[in-house]
Structures are given as structure tokens and as C-alpha cells.
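Right, one structure below, let's go through it.
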Amino acid sequence: MALSHDHMLSATGIDPFAGPPASRFHDPAEHLDFARPLTDRFLPYDTRSDRQLLAAAREDDSPLERERALWEFADRTGPDALGLVDEIIREETSRDVRQGALWLALKLAGTASAETLANYTDDVDPEVADWARVLLGDVSGEAVSRVYTTALVEETGYFDQTVPLVISGNIIVQLPGVGAARAVLSPLWFDSILGRVLACTNTDTIRTDLTVEKELDAFHEDGSAHYEIFPFRGHSVEYEGKLLEHNYMSDTIRPYYPSGLVEVGEAIDSPVSLLRIALTHLADQDEYEIIGDGPRADRVRAAEFPFVKSVRGRFYGFAATNLEAAMEAGIVQAGHVQLANPSDPVAGPATNTKMYGTFRGKAGDYTSADAFTLNAIKCHGRPDGSIDTVTGGAELGR
């Protein structure tokens, strides 16, 4: 599929692969990035051979481990891994691994991934097909129709829309006596360590307010989850093509466990700051039929831009990784990593990790309704950042 630069500009007004103007980098100081280091050439956290990674990507019993091996191999190999990624999308049985691999194809090859993505726009799995269409639209800059034509909105819960984010990235961790090492975080590995991230918004305040839920599923012995809620505030810039660029910050007091393990021992209060930049593609009024009965549905239907169709962005922050626990377990697991503040008198000395990466999300069908289910996944927090684990976010906020 040949991509025209003119076409890339025509649909959204934003060229998805155009970098900043070269004049911006006349001063070498501009080469520095708050999130990403100048180089990725650090000691590898994963010391498996390429052959071992290939075997794990194809044969491991765990979807998480198959995905983790695939993303590690692709990080080492670059665009030459596109054929393997396509093979995994075709043969893989896990929806999550397949969706993540579609994104990995784009990350590896940019515009050259268009043919691979186009192969899956009519996939038998509607969510895989919808992700392929979103990513193909980002690659081409052209409007690509979505799988669903209607959107369902529920009156319960605190938010008009809740979008689970798919997150990938890197962690740079300082190993005592060794130096800095880099680990590649595939989406499922990220979720297992730091929790599934749910981005929650209301139509009236999306330009300034965002609430993020972090869920570590089945974290407790009784199978219940561990939740953390982060209110983000900031501002947005609107571009043609129904695009909003958001700059958000969260600055909260979090429980930090000096034991190095989440929910083990007494916690102290510690300030944590997180920064997030995102570009959202909004639905136009009357672009989709919005189904629902009540004041929320009426408000969403009346909005100029009723919901987020898709979002892409970047994040970074600091964390404390319990290396001793990770070494004992053989892998970094849930509870080993805590968001932390390097300036805190207690958490600071243990803050040995920098996290950075990218994320994606989209309106999707999360209840097999054959429609966008805008807020079917209930957030366990409120817009002000307070947590609500009693009602599960499902009974209040009408």
C-alpha cells in the first residue's frame, strides 16, 4: 500500500510521521528528552538468547510470556522482525497478544507496516479488526471506518467514558555494582507489574480533567484486586480533524511501603508526580448512533465531540523496584514495583527506576454488544481522585 504524504495530511491535518522542524535541534540541548534517554544502549535486563526468545514467543504456555519474548526479540531485531510479528498475529490464540502485536508492527516499521495492518481489518475477531483499522488510520493519515456503528452509554458510574490503555515502554533500573540496565515492557507484562490502566473522562471536562485507575487483578489471596486512583489535570490544544493534544499532570500523596513490597508492612505517605501527553481522536456529533436512556446519554448525544474514538500518547515517571524480590522470583512481578519520588526522604533512596514509554487506547466493545461500550468498565475511583471500592463505581455519579 503506497502512502501519499498529501493524503496523510488531508484527513486529520496532522502528519503522523512528521517530526519537529530540523531548526528546533540547532542547539544540542534540544536533543535531550525529559522522558527518553539519548540512547537505548544499556545492559539488557533479559539475557536470553535470540533462539530462546523465538521458542518462547511461539511455544510458551503463558500469553504474557509469549508476548514478552516477542517484544524483546523485536526490540533487538528491529524492522526485520516484522515477518515474525505477522506470523504471531496470524497464529496466536490470545486476543491481547494479537492486538499488542498489531501495535508492535507499527512501532517496528511505521508506514511499512500498512500492508500487515490491512491484512487484519476484517479479522474474525472484531476487536482485533477494530485495532487494525485504528492503527492503519494512524499510519496512513486517512479516515478508516470502524467496526462498530453504534455506541452504548450507561447511566451508572462516575464517567461518560472509560478506556483501557495498552501500554508499552522501558524501564531503566540501576543494578548495584553493575550499572544501568534496560528492560522492555510489553503490554501484558506492564499490566502484570503496574496494573491495567483505565483512562476515565467526562465529555464536559475532557480538555482539563482525566482520572486514571490502576488495577492489579487478583492481587490478594482472596482473588480481589488492588486499586489506585490518580487524578490528572492540565490543558488541551485543539487541532483540525477532531484532534486534541492533552498535557496532563498528576501530583498526589500515595502510600509507599518501605518493605519494598506493595501492601506488606506499614505504609507511609509519599508524594508522587506523573506526566502524560496524549493525542485523542474524537467522534463527531451524529457520527455514531448513541444508545442510552437518561441525562448522561442525553448529554453525550448533545456534545459536539461525544466520545474518544482513539488515543495515543507518552508517559514517564520514577519507581522503586525491589530487586531482591525480583531476583528471588526470577522475574519482576506485581508488588515488586512502586511508583516513587526520588526526593522523598524515605522512598528516595529506594527509587532506582525510571519508566518511560507510549500508550494507546480506543473505544471498543467490552461486553460483546457489537457496539462501542463507552463506560461499561466501571472505575473504582471518582473524578476528584478519591477511591470507591465499596460500590465499585457502579452506583453513584448519576
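Residue names in the C-alpha cells use chain letters A, B, ... in the order shown, residue numbers from 1 in each chain, and ligand numbers from 1 in the order shown.
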In stretch 36-261 of chain A, what's strand (DSSP E) per DSSP? Answer as JSON, numbers by chain? {"A": [43, 44, 150, 151, 152, 161, 162, 163, 164, 165, 166, 167, 168, 169, 170, 171, 172, 173, 174, 175, 179, 180, 181, 182, 183, 184, 185, 196, 197, 198, 199, 200, 201, 209, 210, 211, 212, 213, 214, 215, 216, 226, 227, 228, 229, 230, 231, 232, 233, 234, 235, 236, 237, 238, 239, 243, 244, 245, 246, 247, 248, 249, 250, 251, 252, 253, 254, 255, 256]}
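Within the 10 Å cut-off around A:Lys362, using only C-alpha atoms and omitting residues fewer than 3 positions from it on the same chain, the listed residues are Asp130, Trp131, Val134, Thr162, Val163, Pro164, Leu165, Val166, Thr280, His281, Val308, Lys309, Ser310, Val311, Arg312, Asp365, Phe372 and Leu374 of chain A.
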How close does each residue of stretch 164-232 of chain A get to stretch 292-299 of chain A, giving the shortest atom pair and distance in Å to one decimal for every residue with an atom at most 12 Å away, counting only C-alpha atoms, sorted by chain and residue number, as CSV?
```
residue,atom,partner,partner_atom,distance
A:Asn202,CA,A:Arg296,CA,9.7
A:Thr203,CA,A:Arg299,CA,8.1
A:Asp204,CA,A:Arg299,CA,8.8
```
If you run DSSP over the backbone, which residues in stretch 33-191 of chain A end up alpha helix (DSSP H)? Put them as a PyMOL selection string. chain A and resi 50-59+63-77+82-91+95-109+114-118+126-140+187-191
Counting only C-alpha atoms, what is within 9 Å of A:Ile193, bar same-chain residues fewer than 3 positions away, as a PyMOL selection string? chain A and resi 188-190+196+216+332-337
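For A:Tyr257, the list of residues within 12 Å, based on only C-alpha atoms and with local chain neighbours fewer than 3 positions off taken out, reads Arg254, Gly260, Leu261, Val262, Glu263, Val264, Gly265, Glu266, Ala267, Ile268, Asp269, Ser270, Ala320, Thr321, Asn322, Gly335, His336, Val337, Gln338, Leu339, Ala340, Val346, Ala347 and Ala350 of chain A.
Atom CA of A:Thr201 sits 9.0 Å away from atom CA of A:Phe307.
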Quick one: distance from atom CA of A:Pro187 to atom CA of A:Leu64 in Å, one decimal? 8.6 Å
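Minimum atom-to-atom distance to A:Tyr239, evaluated using only C-alpha atoms, belongs to A:Leu279 out of A:Arg76, A:Leu279, A:Gly381, A:Thr93.
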Would you kindly return, as a list in words, each protein, DNA or RNA residue with an atom no farther than 10 Å from any atom of stretch 42-56 of chain A, considering only C-alpha atoms and excluding same-chain residues fewer than 4 positions away? Asp60, Asp61, Ser62, Pro63, Glu65, Arg66, Glu67, Arg68, Ala69, Leu70, Trp71, Glu72, Phe73, Ala74, Arg76, Thr77, Leu84, Ile171, Ile172, Val173, Leu175, Val178, Gly179, Ala180, Ala181, Arg182, Ala183, Val184 and Ile331 of chain A
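The coordinates place atom CA of A:Leu244 at 26.4 Å from atom CA of A:Thr156.
Closest to A:Val147 among A:Glu304, A:Asp122, A:Asp75, A:Glu238 is A:Asp122, based on only C-alpha atoms.
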